[in-house]
Every structure is written in C-alpha cells, then in structure tokens.
$ cat protein.txt   # compact mmCIF, C-alpha atoms
# COMPACT_ATOMS: atom_id res chain seq x y z
CA MET A 1 -15.68 13.90 23.89
CA GLU A 2 -15.43 10.29 24.95
CA THR A 3 -16.73 9.51 28.43
CA VAL A 4 -15.30 6.97 30.84
CA GLU A 5 -17.46 4.91 33.17
CA ASP A 6 -16.29 3.00 36.23
CA HIS A 7 -18.66 0.09 36.79
CA GLY A 8 -17.01 -0.94 40.03
CA ASN A 9 -15.57 -4.14 38.58
CA GLY A 10 -12.05 -2.84 38.06
CA GLU A 11 -12.47 -1.77 34.44
CA LEU A 12 -12.91 1.58 32.77
CA ASN A 13 -15.33 1.14 29.92
CA HIS A 14 -14.94 3.70 27.14
CA LEU A 15 -18.21 4.38 25.42
CA THR A 16 -17.54 3.78 21.74
CA LYS A 17 -21.09 4.60 20.70
CA LYS A 18 -21.60 8.36 20.78
CA PRO A 19 -24.40 10.57 19.54
CA ARG A 20 -23.97 11.58 15.94
CA LEU A 21 -22.47 15.05 15.76
CA THR A 22 -24.98 17.55 14.37
CA ARG A 23 -22.23 20.17 14.07
CA PHE A 24 -18.49 20.28 14.36
CA ILE A 25 -16.44 21.92 17.06
CA THR A 26 -16.65 25.72 17.10
CA GLU A 27 -13.82 28.22 17.40
CA SER A 28 -15.02 29.19 20.88
CA ALA A 29 -15.03 25.54 21.94
CA ILE A 30 -11.47 25.18 20.62
CA ALA A 31 -10.45 28.19 22.70
CA ASP A 32 -12.07 26.60 25.76
CA GLU A 33 -10.18 23.35 25.18
CA PHE A 34 -6.87 25.24 25.37
CA ALA A 35 -7.83 27.77 28.04
CA HIS A 36 -5.10 26.33 30.27
CA HIS A 37 -2.44 27.87 28.01
CA GLN A 38 -0.66 30.81 29.61
CA PRO A 39 -2.45 34.02 28.64
CA GLY A 40 -0.52 36.64 26.72
CA VAL A 41 1.98 34.23 25.16
CA ALA A 42 2.10 33.71 21.41
CA ARG A 43 2.66 29.93 21.30
CA ILE A 44 3.87 29.35 17.77
CA ASN A 45 6.11 26.48 18.77
CA ASN A 46 3.73 23.53 18.83
CA GLY A 47 6.42 21.48 17.08
CA SER A 48 8.60 21.25 20.18
CA PHE A 49 6.22 20.01 22.86
CA GLY A 50 2.80 19.70 21.28
CA SER A 51 -0.44 20.64 22.98
CA CYS A 52 -3.20 18.79 24.76
CA PRO A 53 -6.86 19.86 24.94
CA GLY A 54 -8.66 20.04 28.26
CA SER A 55 -10.99 17.11 27.49
CA VAL A 56 -8.01 14.81 26.91
CA LEU A 57 -6.31 16.06 30.08
CA SER A 58 -9.52 15.22 31.98
CA SER A 59 -9.45 11.69 30.60
CA GLN A 60 -5.81 11.35 31.59
CA ARG A 61 -6.64 12.46 35.13
CA GLU A 62 -9.40 9.84 35.39
CA TRP A 63 -6.92 7.12 34.45
CA GLN A 64 -4.43 8.43 37.00
CA LEU A 65 -7.05 8.36 39.73
CA LYS A 66 -8.13 4.87 38.74
CA PHE A 67 -4.60 3.65 39.38
CA LEU A 68 -4.31 5.54 42.65
CA ARG A 69 -7.64 4.21 43.97
CA GLN A 70 -6.85 0.53 43.47
CA PRO A 71 -3.44 -0.15 41.87
CA ASP A 72 -3.66 -3.95 41.89
CA ASP A 73 -7.03 -4.07 40.19
CA PHE A 74 -5.86 -1.44 37.69
CA TYR A 75 -2.77 -3.47 36.83
CA PHE A 76 -4.43 -6.89 36.55
CA ASN A 77 -7.76 -5.89 34.98
CA GLY A 78 -7.51 -2.52 33.26
CA LEU A 79 -4.03 -1.55 32.10
CA ARG A 80 -3.36 -4.10 29.35
CA LYS A 81 -6.84 -3.84 27.88
CA GLY A 82 -6.63 -0.06 27.78
CA ILE A 83 -3.22 -0.03 26.10
CA LEU A 84 -4.34 -2.65 23.57
CA ARG A 85 -7.28 -0.44 22.64
CA SER A 86 -4.96 2.52 22.10
CA ARG A 87 -2.59 0.40 20.01
CA THR A 88 -5.45 -0.87 17.87
CA LEU A 89 -6.61 2.66 17.09
CA VAL A 90 -3.07 3.67 16.12
CA LYS A 91 -2.63 0.53 14.02
CA ASP A 92 -5.73 1.43 11.98
CA LEU A 93 -4.68 5.08 11.67
CA VAL A 94 -1.23 4.33 10.23
CA GLY A 95 -2.20 1.33 8.10
CA ALA A 96 -0.18 -1.33 9.92
CA ASP A 97 -0.97 -4.92 9.03
CA ASP A 98 -1.09 -6.26 12.60
CA VAL A 99 -1.53 -4.67 16.03
CA GLU A 100 1.54 -6.64 17.16
CA GLU A 101 3.58 -4.37 14.89
CA VAL A 102 2.64 -1.34 17.01
CA SER A 103 4.15 -0.52 20.41
CA LEU A 104 3.38 2.49 22.58
CA ILE A 105 6.47 4.13 24.05
CA ASP A 106 7.35 7.46 25.65
CA ASN A 107 8.64 9.41 22.65
CA ALA A 108 10.61 9.25 19.41
CA THR A 109 13.87 9.37 21.37
CA THR A 110 12.93 6.07 23.02
CA GLY A 111 12.13 4.63 19.59
CA ALA A 112 15.55 5.62 18.29
CA ALA A 113 17.18 3.97 21.30
CA ILE A 114 15.27 0.73 20.66
CA VAL A 115 16.33 0.61 17.01
CA LEU A 116 19.94 1.67 17.58
CA GLN A 117 20.44 -0.72 20.52
CA GLN A 118 19.69 -3.71 18.31
CA ILE A 119 22.12 -2.35 15.70
CA GLY A 120 24.75 -1.85 18.41
CA ARG A 121 24.26 -5.42 19.65
CA ALA A 122 24.85 -6.74 16.15
CA PHE A 123 28.17 -4.87 15.96
CA ALA A 124 29.19 -5.94 19.47
CA GLU A 125 28.37 -9.61 18.82
CA GLY A 126 30.27 -9.70 15.53
CA ARG A 127 27.23 -10.15 13.30
CA PHE A 128 28.20 -6.90 11.55
CA ASP A 129 31.76 -6.12 10.46
CA ARG A 130 33.56 -3.27 12.16
CA ASN A 131 33.21 -0.06 10.14
CA ASP A 132 30.03 -1.22 8.43
CA ALA A 133 27.95 1.93 8.13
CA VAL A 134 24.85 3.63 9.45
CA LEU A 135 23.53 6.51 7.34
CA MET A 136 21.68 9.57 8.67
CA PHE A 137 20.96 13.23 7.86
CA HIS A 138 23.36 15.80 9.30
CA CYS A 139 20.36 17.65 10.73
CA ALA A 140 18.99 14.60 12.56
CA PHE A 141 17.61 15.32 16.02
CA GLN A 142 20.41 15.73 18.54
CA ALA A 143 19.11 12.94 20.78
CA VAL A 144 19.35 10.53 17.84
CA LYS A 145 22.96 11.59 17.27
CA LYS A 146 23.72 10.94 20.94
CA SER A 147 22.12 7.49 20.70
CA MET A 148 24.33 6.87 17.69
CA GLU A 149 27.38 7.65 19.83
CA ALA A 150 26.15 5.51 22.70
CA TYR A 151 25.12 2.40 20.79
CA VAL A 152 26.75 2.34 17.34
CA ARG A 153 30.07 4.17 17.29
CA ARG A 154 31.30 2.63 20.54
CA ALA A 155 30.48 -0.83 19.16
CA GLY A 156 32.59 -0.26 16.03
CA GLY A 157 30.10 1.08 13.50
CA SER A 158 30.80 3.97 11.15
CA VAL A 159 28.32 6.83 10.90
CA ILE A 160 27.92 8.70 7.61
CA GLU A 161 25.99 11.96 7.63
CA VAL A 162 24.13 13.26 4.58
CA ARG A 163 24.31 17.06 4.44
CA LEU A 164 21.02 18.45 3.16
CA PRO A 165 20.92 21.83 1.45
CA PHE A 166 18.99 24.68 3.07
CA PRO A 167 17.13 26.70 2.00
CA ILE A 168 15.78 23.98 -0.24
CA ARG A 169 13.85 24.14 -3.50
CA CYS A 170 12.68 20.63 -4.37
CA ASP A 171 12.69 16.94 -3.43
CA GLU A 172 15.35 16.18 -6.02
CA GLU A 173 17.94 18.14 -4.01
CA ILE A 174 17.39 15.79 -1.07
CA ILE A 175 17.42 12.68 -3.27
CA THR A 176 20.68 13.73 -4.94
CA GLU A 177 22.48 14.29 -1.63
CA PHE A 178 21.06 11.06 -0.21
CA ARG A 179 22.44 9.05 -3.13
CA LYS A 180 25.85 10.67 -2.61
CA GLY A 181 25.73 9.69 1.06
CA LEU A 182 24.84 6.10 0.22
CA GLU A 183 27.71 5.90 -2.24
CA LYS A 184 30.12 7.14 0.43
CA ALA A 185 28.69 4.72 3.01
CA LYS A 186 29.23 1.77 0.65
CA SER A 187 32.81 2.73 -0.23
CA ASN A 188 35.67 0.35 0.56
CA GLY A 189 33.30 -2.61 0.48
CA ARG A 190 31.31 -1.56 3.54
CA LYS A 191 27.73 -2.65 4.02
CA VAL A 192 25.08 -0.15 5.06
CA ARG A 193 23.37 -1.77 8.02
CA LEU A 194 20.85 0.99 8.77
CA ALA A 195 19.59 4.17 7.17
CA ILE A 196 17.80 6.71 9.38
CA ILE A 197 15.46 8.94 7.41
CA ASP A 198 13.58 11.90 8.89
CA HIS A 199 10.04 12.13 7.54
CA ILE A 200 9.98 15.78 8.65
CA THR A 201 13.31 17.21 9.70
CA SER A 202 13.15 19.10 12.98
CA MET A 203 15.48 22.05 12.49
CA PRO A 204 15.39 23.25 9.82
CA SER A 205 11.93 21.83 9.16
CA VAL A 206 11.37 20.19 5.76
CA VAL A 207 9.10 17.33 4.62
CA THR A 208 11.30 14.79 2.86
CA PRO A 209 10.35 12.41 -0.01
CA VAL A 210 10.38 9.53 2.45
CA LYS A 211 8.84 6.87 0.19
CA GLU A 212 11.39 7.55 -2.55
CA LEU A 213 14.29 7.49 -0.07
CA VAL A 214 13.14 4.15 1.36
CA ARG A 215 12.82 2.77 -2.17
CA ILE A 216 16.40 3.85 -2.93
CA CYS A 217 17.59 2.09 0.23
CA ARG A 218 15.96 -1.14 -0.92
CA GLU A 219 17.54 -0.85 -4.37
CA GLU A 220 20.98 -0.23 -2.83
CA GLY A 221 20.81 -3.19 -0.44
CA VAL A 222 20.55 -1.30 2.85
CA ASP A 223 19.81 -3.86 5.57
CA GLN A 224 17.28 -1.89 7.63
CA VAL A 225 15.49 1.45 7.32
CA PHE A 226 14.30 3.46 10.31
CA VAL A 227 12.08 6.49 9.72
CA ASP A 228 12.26 9.07 12.49
CA ALA A 229 8.89 10.74 12.07
CA ALA A 230 8.67 12.61 15.36
CA HIS A 231 6.54 15.37 13.77
CA ALA A 232 4.57 13.28 11.28
CA ILE A 233 1.41 11.80 12.79
CA GLY A 234 -1.30 14.45 12.76
CA SER A 235 0.82 16.61 10.47
CA VAL A 236 1.10 14.56 7.25
CA GLU A 237 -0.52 11.42 5.88
CA VAL A 238 1.10 8.27 7.28
CA ASN A 239 0.73 4.77 5.85
CA VAL A 240 3.54 2.60 7.13
CA GLN A 241 3.00 -0.15 4.57
CA GLU A 242 3.22 2.29 1.68
CA ILE A 243 6.31 3.92 3.18
CA GLY A 244 7.91 0.50 3.47
CA ALA A 245 10.41 1.06 6.29
CA ASP A 246 11.37 -1.58 8.85
CA PHE A 247 10.83 0.82 11.75
CA TYR A 248 8.74 4.00 11.96
CA VAL A 249 8.33 6.14 15.07
CA SER A 250 6.14 9.20 15.63
CA ASN A 251 5.09 11.20 18.68
CA LEU A 252 1.39 11.28 19.46
CA HIS A 253 1.79 14.24 21.84
CA LYS A 254 3.18 16.67 19.22
CA TRP A 255 0.49 16.90 16.55
CA PHE A 256 -2.17 14.40 17.67
CA PHE A 257 -3.26 16.08 20.92
CA CYS A 258 -2.22 13.34 23.33
CA PRO A 259 -0.81 14.19 26.77
CA PRO A 260 2.97 14.14 27.04
CA SER A 261 4.47 11.88 26.49
CA VAL A 262 3.43 9.04 24.19
CA ALA A 263 4.60 7.82 20.80
CA PHE A 264 4.12 4.74 18.65
CA LEU A 265 6.88 2.59 17.20
CA TYR A 266 5.98 0.46 14.20
CA CYS A 267 8.20 -2.59 13.71
CA LYS A 268 7.57 -4.45 10.48
CA LYS A 269 7.37 -8.17 11.09
CA SER A 270 10.83 -9.47 10.24
CA GLY A 271 13.91 -11.00 11.80
CA SER A 272 15.25 -7.60 12.87
CA SER A 273 12.06 -6.69 14.73
CA LEU A 274 12.41 -9.82 16.86
CA ASP A 275 15.63 -8.39 18.31
CA ALA A 276 14.03 -5.06 19.24
CA HIS A 277 13.64 -4.63 22.99
CA HIS A 278 12.62 -1.82 25.30
CA PRO A 279 15.66 -0.11 26.89
CA VAL A 280 14.08 -0.55 30.33
CA VAL A 281 14.13 -4.27 31.09
CA SER A 282 11.31 -5.51 33.30
CA HIS A 283 9.26 -8.66 33.88
CA GLU A 284 7.99 -8.82 30.30
CA TYR A 285 11.41 -8.97 28.62
CA GLY A 286 11.38 -11.47 25.76
CA ASN A 287 7.61 -11.38 25.24
CA GLY A 288 7.74 -9.04 22.27
CA LEU A 289 8.26 -5.28 22.18
CA PRO A 290 4.55 -4.33 22.46
CA THR A 291 4.21 -6.36 25.66
CA GLU A 292 7.58 -5.23 27.01
CA SER A 293 6.55 -1.60 26.47
CA SER A 294 3.19 -2.06 28.18
CA TRP A 295 4.87 -2.71 31.53
CA ILE A 296 8.26 -1.24 32.41
CA GLY A 297 7.63 -1.05 36.12
CA THR A 298 5.49 1.24 38.25
CA ARG A 299 5.02 4.50 36.38
CA ASP A 300 2.28 6.71 34.93
CA TYR A 301 0.70 5.00 31.89
CA SER A 302 -2.15 7.51 31.60
CA SER A 303 -0.80 9.17 28.44
CA GLN A 304 -1.04 5.84 26.61
CA LEU A 305 -4.49 5.16 28.01
CA ALA A 306 -5.86 8.59 27.02
CA VAL A 307 -5.14 8.01 23.32
CA PRO A 308 -8.79 7.09 22.49
CA THR A 309 -9.98 10.43 23.88
CA ALA A 310 -7.52 12.24 21.63
CA PHE A 311 -9.11 10.39 18.69
CA GLU A 312 -12.50 11.67 19.88
CA PHE A 313 -11.19 15.24 19.92
CA VAL A 314 -9.70 14.90 16.44
CA ASN A 315 -12.98 13.53 15.09
CA SER A 316 -14.88 16.56 16.39
CA PHE A 317 -13.34 18.60 13.56
CA GLU A 318 -14.76 18.68 10.07
CA GLY A 319 -12.71 16.23 8.05
CA GLY A 320 -11.12 14.73 11.18
CA ILE A 321 -7.34 14.59 11.15
CA ARG A 322 -7.18 15.34 7.42
CA GLY A 323 -9.20 18.48 7.98
CA ILE A 324 -6.88 19.54 10.78
CA MET A 325 -3.78 18.86 8.67
CA LYS A 326 -5.12 20.96 5.79
CA ARG A 327 -6.11 23.77 8.12
CA ASN A 328 -2.70 23.86 9.78
CA HIS A 329 -0.76 23.62 6.52
CA ASP A 330 -2.74 26.33 4.78
CA GLU A 331 -2.53 28.69 7.74
CA VAL A 332 1.16 28.19 8.50
CA VAL A 333 2.07 28.84 4.86
CA LYS A 334 -0.09 31.98 4.84
CA MET A 335 1.51 33.22 8.06
CA GLY A 336 5.00 32.40 6.80
CA GLU A 337 4.41 34.37 3.62
CA MET A 338 3.06 37.30 5.64
CA LEU A 339 6.19 37.36 7.82
CA ALA A 340 8.57 36.98 4.88
CA GLU A 341 6.90 39.89 3.09
CA SER A 342 7.07 42.10 6.19
CA TRP A 343 10.74 41.30 6.83
CA GLY A 344 11.82 41.29 3.19
CA THR A 345 13.09 37.72 3.40
CA ASN A 346 12.17 34.24 2.20
CA LEU A 347 10.67 30.89 3.11
CA GLY A 348 13.20 28.12 3.71
CA ALA A 349 11.26 25.61 1.60
CA PRO A 350 8.39 25.72 -0.91
CA PRO A 351 4.89 25.20 0.54
CA GLU A 352 4.66 21.64 -0.81
CA MET A 353 7.67 20.70 1.32
CA CYS A 354 6.07 22.07 4.51
CA ALA A 355 3.50 20.47 6.78
CA SER A 356 2.41 22.36 9.91
CA MET A 357 5.76 24.15 10.33
CA VAL A 358 7.47 26.69 8.09
CA MET A 359 10.94 28.21 8.18
CA VAL A 360 10.98 32.00 7.63
CA GLY A 361 14.15 34.01 7.10
CA LEU A 362 14.93 36.73 9.66
CA PRO A 363 16.23 40.16 8.65
CA SER A 364 20.00 40.19 8.12
CA ARG A 365 20.25 43.34 10.24
CA LEU A 366 19.76 41.21 13.37
CA TYR A 367 23.29 39.91 12.74
CA VAL A 368 22.74 36.35 13.93
CA THR A 369 26.25 34.88 13.66
CA SER A 370 26.10 31.77 15.85
CA ASP A 371 23.84 29.29 17.62
CA ASP A 372 24.35 31.34 20.78
CA ASP A 373 23.01 34.43 19.02
CA ALA A 374 19.96 32.47 17.89
CA LEU A 375 19.31 31.26 21.44
CA ARG A 376 19.75 34.80 22.79
CA LEU A 377 17.18 36.16 20.33
CA ARG A 378 14.76 33.37 21.21
CA SER A 379 15.14 34.09 24.94
CA HIS A 380 14.67 37.83 24.35
CA LEU A 381 11.45 37.25 22.41
CA ARG A 382 10.12 35.08 25.20
CA ALA A 383 11.07 37.42 28.06
CA TYR A 384 10.24 40.81 26.54
CA TYR A 385 7.59 40.14 23.90
CA GLY A 386 5.75 37.01 25.06
CA VAL A 387 6.61 35.12 21.86
CA GLU A 388 7.71 31.48 21.91
CA VAL A 389 9.39 30.42 18.69
CA PRO A 390 12.56 28.41 17.85
CA ILE A 391 15.33 30.06 15.83
CA HIS A 392 17.74 28.26 13.51
CA TYR A 393 21.19 29.65 12.74
CA GLN A 394 22.16 28.98 9.13
CA GLY A 395 25.75 30.04 8.63
CA PRO A 396 27.10 30.46 5.10
CA ARG A 397 28.73 27.32 3.68
CA ASP A 398 32.00 27.30 1.80
CA GLY A 399 31.53 28.30 -1.81
CA GLU A 400 27.95 29.48 -1.31
CA ASP A 401 26.78 33.09 -1.19
CA GLY A 402 23.61 32.33 0.77
CA VAL A 403 20.20 33.95 0.49
CA LYS A 404 20.26 37.74 0.74
CA ASP A 405 17.77 40.39 1.73
CA GLU A 406 18.21 44.11 1.00
CA TYR A 407 20.93 44.53 3.61
CA GLY A 408 22.95 41.33 3.60
CA ILE A 409 22.97 37.55 3.97
CA VAL A 410 20.07 35.88 5.79
CA THR A 411 21.72 33.77 8.50
CA ALA A 412 18.75 32.81 10.70
CA TYR A 413 15.25 31.43 10.35
CA VAL A 414 12.30 31.19 12.71
CA ARG A 415 10.41 27.90 12.69
CA ILE A 416 6.77 28.79 13.07
CA SER A 417 4.12 26.17 13.83
CA HIS A 418 0.37 26.32 13.42
CA GLN A 419 -2.04 24.33 15.55
CA VAL A 420 -5.80 24.71 15.88
CA TYR A 421 -5.52 27.09 18.86
CA ASN A 422 -3.34 29.62 17.05
CA THR A 423 -4.71 32.96 15.80
CA LEU A 424 -3.50 35.70 13.48
CA ASP A 425 -2.55 37.81 16.50
CA ASP A 426 0.13 35.27 17.48
CA TYR A 427 2.03 35.81 14.24
CA CYS A 428 1.47 39.57 14.19
CA LYS A 429 3.04 39.67 17.64
CA LEU A 430 6.17 37.95 16.29
CA ARG A 431 6.22 40.15 13.17
CA ASP A 432 5.99 43.36 15.16
CA ALA A 433 8.59 42.24 17.73
CA ILE A 434 11.21 41.55 15.07
CA ASN A 435 10.41 44.78 13.24
CA GLN A 436 10.73 46.77 16.48
CA ILE A 437 14.11 45.20 17.30
CA VAL A 438 15.38 46.03 13.80
CA ASP A 439 13.93 49.57 13.83
CA ASN A 440 15.63 50.20 17.17
CA LYS A 441 18.90 49.18 15.52
CA LYS A 442 19.51 46.39 18.01
CA THR A 443 21.48 43.30 17.12
CA CYS A 444 21.48 39.87 18.76
CA LYS A 445 24.59 40.56 20.82
CA THR A 446 23.04 43.66 22.41
CA LEU A 447 19.70 42.07 23.37
CA LEU A 448 18.82 41.64 27.02
CA ILE A 449 17.75 38.24 28.31
CA GLU A 450 16.44 37.10 31.68

$ encode --input "protein.txt" --output "structure tokens"
Amino acid sequence: METVEDHGNGELNHLTKKPRLTRFITESAIADEFAHHQPGVARINNGSFGSCPGSVLSSQREWQLKFLRQPDDFYFNGLRKGILRSRTLVKDLVGADDVEEVSLIDNATTGAAIVLQQIGRAFAEGRFDRNDAVLMFHCAFQAVKKSMEAYVRRAGGSVIEVRLPFPIRCDEEIITEFRKGLEKAKSNGRKVRLAIIDHITSMPSVVTPVKELVRICREEGVDQVFVDAAHAIGSVEVNVQEIGADFYVSNLHKWFFCPPSVAFLYCKKSGSSLDAHHPVVSHEYGNGLPTESSWIGTRDYSSQLAVPTAFEFVNSFEGGIRGIMKRNHDEVVKMGEMLAESWGTNLGAPPEMCASMVMVGLPSRLYVTSDDDALRLRSHLRAYYGVEVPIHYQGPRDGEDGVKDEYGIVTAYVRISHQVYNTLDDYCKLRDAINQIVDNKKTCKTLLIE
C-alpha cells in the first residue's frame, strides 16, 4: 500500500513511486485487510455503507493525527494539496476534462442538495416559471426525494415521477417509461428544468441505460441533467464525458474502498455549474465549488485525503478496478442464481442489468405484505441468523399478476451485494436461513425481532 512520510516541514508526502508488484494481492491478504469486520456476520450488504480495508483506515488515521498534532500547519500547508491530489486522481478515473470540474463532498446526498438548491434558487428568483418540471424515477433514493421537497416543490416547481417496471427484462422498458414521463412533464407548455437519472437504482437495484437517457433529455430540450450514481464508481465503468450529464455524483466509500464518507461531484463547465454552491457556507463561498468544498469549517477531512491509498489498494488486484468489477459482477450473479434456484424464485433483472448487486425473489410463503414486513424479516435475519441484507417489498400493481413461484405471488426481494471480502459461506447462510424459516412454516408477521 501507499506509505506516508512526515518530513517535519508540515507536509505529508505520499510516495508515488512504489516497487513493481511481482504478484497481486492474495485471498489471505484480502481477509487480513477486512479482519476488522464483525466475525460471524454474513455481510452481503456492501451497497448500503461500503467497506474500507485496513490499509486505507491506517492512512486515514495518519491524516487525523497530522491534524491533531499541528492544526495550523496542517490547514495552511497540507490540506489543500492533499485534497487536490485526491481530486486529480478522481478526475483521471472518471474521464473529466478539468480537475476544476471535480469536487470532493461527503456523499451523494450532499451532491443532490447542491444540484437541487441551485434549481430551487432559480424557481425562487423567477428565472423558472412556476410549475416548470423536474423529472425523476419513482424509486429515487429517499434522501433525494426529501431534497426535492425542501428545495424544489416549496419554491414552486412541479415534480414528475417516472414509474419503472420491476422485475425488469430489458433497457427498452426503462426507455419507454422515461419517454412517457418526459411527455407528461412537458404537458401544458411546461419546460423540464432538470432530469434526475439514477445510474444504478438503489432499491430495487438495476443498472439503467444512462447514456441513452441523457441523450433523450438533450433531444427533448431538458435544461439540465443530474445523474445520481451513488453506487456507480467501482461498480461500473464511468466516463463522465461520454455520459454527457451536467452533474454526476458517486460515492467513493461504497464500492471504491474509501473511508466513510467521501464522494465526488462532477459539474460540467457551464453556466449552471457556476451557480452550484456547497450547502455549508464558509470562508470560501464564491470561489468555486471545488474550493468551497475543500473547507467548510473545522471538521475531519481525512476521508478525502485517504483517497490515494484507496487507489493503491485497488491497483493491488489483477486488472485493477476493472478486475474487481468483473469479479464482483460474476460472483453476485452466480450467487443470485444459486439462491433463486434454491428458493424456486427469480432474479429481478437480467445479469446484464446488474453490477455488483442483484435482486433475488423470496419465497411467497413468507407472506411479505408491506414495507414493515420486509423490515421485520431483515431485522430477524440480523438478530437470529447473523445475516445482513436489505429486503424490498414489491406489492402487486393494478392490472398486473406479478411473478409467481409454486405457491403464490413473489412480493419481496433480497438485494445481495458482492465485494472482494465475501465468500460462498455468506450466501449459503442466507439461503439456509430463509429455507429454515419457510420449512418451520413461519411468516413475516410471526417472526421475532430484537
């Protein structure tokens, strides 16, 4: 991993020249990197909070101590240079044209707030007409929906939700529904001021045809496009210039091994990006979003500064991040198919529409009939089986029969993740837990929780 040297002059110098690797990281070394994970727990929920290897945590701790030893010297001589280095690495990774297009922020939720605040200001200041529209998926992350309430609706904007089908069979189903949503948003002479497109939807999890959706937005005259790609970096290929959106945000702590929490927000150089500001206003307000984000008062910036060490960890794998993405995709699909076969159910999307997460139908005999039932089952699996996995309730829609197994309609799906630390035993533990609950003729409403 990358080493950090303190030369006593107030700077941490990261050694960029490292010995050429004669072999790639071993499975035992991977296990050592994640030895801090709680023993006995099947962590197949990397998608929610991510994971950070021990070597990156060590780097983060060094940065924290550097600040604590001499805060003034750290602020004046080390902080900006360190963050610029992290931004430069991210800029090259995602294909941005200029490092000034890349800001480091806390998470994708912060990125959504930045984008939606500037939309809200335009409504409030009369630059947009009341009832002009913002378009988003119905399954957008809940925090994004709350930001929409806080910044757009209260300023007079209309919000149109595109309902995506699930289970889903192909990209064309998404494209068709998206076009319908755009047509509705443009009705009565309204202008569509912003479209929010998930690169990978969170729950249920599906990889969308993001480039095609952005292209459609351009053809239909949508003012701005914001891609919420919370799960993307480290999970799918990302080239922001090829995608073509005005704004693109992705967490680095979910699938790129950074400490929580750090994300990047790409703002394409344009008039709209000039009005993008960090929600926390500090001394750097007005100096551009990258500079504003690099200092929002006294806080812990170590997650942003440890980004280069995460790159070192990624590059210790054969094929680097592409090798990790292929490994995770192939394994999560294999595990999903194993679970679906055992439970007699289905995958929620074809493998080509999955990245490092897969939706797997649960047996209908669990009788999941609400979001509360899904949460109860999740809590039961955690407390009594040591399995951590999110569960999605998928109630039948009007006019649709829904997917069926041998005993009835499948109304719930687990979202399984695969990261490099996962093993076959993790998924077998989930498989056997569900089978035991069903064999014992228990339903969600009768399960005990802590």

$ residues_near_point --input "protein.txt" --point "(3.7, 1.3, 26.1)" --cutoff "9 Å" --atoms "all atoms listed in the file" --output "list of chain:residue names"
A:Ile83, A:Arg87, A:Ser103, A:Leu104, A:Ile105, A:Asp106, A:Val262, A:Ala263, A:Phe264, A:Leu289, A:Pro290, A:Thr291, A:Glu292, A:Ser293, A:Ser294, A:Trp295, A:Ile296, A:Tyr301, A:Gln304

$ closest_atom_pairs --input "protein.txt" --of "region 297-340 of chain A" --to "region 29-48 of chain A" --cutoff "10 Å" --atoms "all atoms listed in the file" --output "JSON lines"
{"residue": "A:Phe313", "atom": "CA", "partner": "A:Glu33", "partner_atom": "CA", "distance": 9.7}
{"residue": "A:Phe317", "atom": "CA", "partner": "A:Ile30", "partner_atom": "CA", "distance": 9.8}
{"residue": "A:Val332", "atom": "CA", "partner": "A:Ile44", "partner_atom": "CA", "distance": 9.7}

$ residues_around --input "protein.txt" --residues "region 192-206 of chain A" --least-positions-apart "4" --cutoff "8 Å" --atoms "all atoms listed in the file" --output "PyMOL selection string"
chain A and resi 119+128+132-137+139-141+166+182+185-186+210+213+217+221-232+349+353-355+357-359+392+415

$ closest_residue --input "protein.txt" --among "A:Arg431, A:Pro350, A:Ser356, A:Ser364" --to "Pro167 (chain A)" --atoms "all atoms listed in the file"
A:Pro350

$ closest_residue --input "protein.txt" --among "A:Pro390, A:Pro363, A:Pro209, A:Gly54" --to "Ile409 (chain A)" --atoms "all atoms listed in the file"
A:Pro363

$ residues_around --input "protein.txt" --residues "Arg154 (chain A)" --least-positions-apart "4" --cutoff "9 Å" --atoms "all atoms listed in the file" --output "list in words"
Gly120, Ala124, Met148, Glu149 and Ala150 of chain A

$ closest_residue --input "protein.txt" --among "A:Gly288, A:Gly111, A:Gly50, A:Gly181" --to "Val249 (chain A)" --atoms "all atoms listed in the file"
A:Gly111

$ closest_residue --input "protein.txt" --among "A:Arg382, A:Arg85, A:Arg365, A:Lys191" --to "Ala306 (chain A)" --atoms "all atoms listed in the file"
A:Arg85

$ atom_distance --input "protein.txt" --atom1 "CA of Cys258 (chain A)" --atom2 "CA of Val307 (chain A)"
6.1 Å

$ atom_distance --input "protein.txt" --atom1 "CA of Met325 (chain A)" --atom2 "CA of Glu312 (chain A)"
15.9 Å

$ atom_distance --input "protein.txt" --atom1 "CA of Gly344 (chain A)" --atom2 "CA of Thr411 (chain A)"
13.5 Å

$ residues_near_point --input "protein.txt" --point "(-2.4, 10.3, 19.6)" --cutoff "10 Å" --atoms "all atoms listed in the file" --output "ChimeraX atom specification"
/A:52,86-87,89-90,93,233-234,250-264,303-304,306-311,314

$ axis_aligned_box --input "protein.txt" --around "region 406-414 of chain A" --padding-each-side "8 Å" --output "JSON"
{"center_x": 17.6, "center_y": 37.9, "center_z": 6.9, "size_x": 26.7, "size_y": 29.3, "size_z": 27.7}

$ residues_around --input "protein.txt" --residues "Thr446 (chain A)" --least-positions-apart "3" --cutoff "12 Å" --atoms "all atoms listed in the file" --output "number ranges by chain"
A: 366-368, 373, 376-377, 380, 437-438, 440-443, 449

$ closest_residue --input "protein.txt" --among "A:Asp425, A:Glu400, A:Asp300, A:Asp405" --to "Gln60 (chain A)" --atoms "only C-alpha atoms"
A:Asp300

$ closest_residue --input "protein.txt" --among "A:Ile243, A:Cys267, A:Val115, A:Leu424" --to "Thr208 (chain A)" --atoms "all atoms listed in the file"
A:Ile243

$ residues_around --input "protein.txt" --residues "Gln241 (chain A)" --least-positions-apart "4" --cutoff "9 Å" --atoms "only C-alpha atoms" --output "list in words"
Val94, Gly95, Ala96, Asp97, Ala245 and Lys268 of chain A
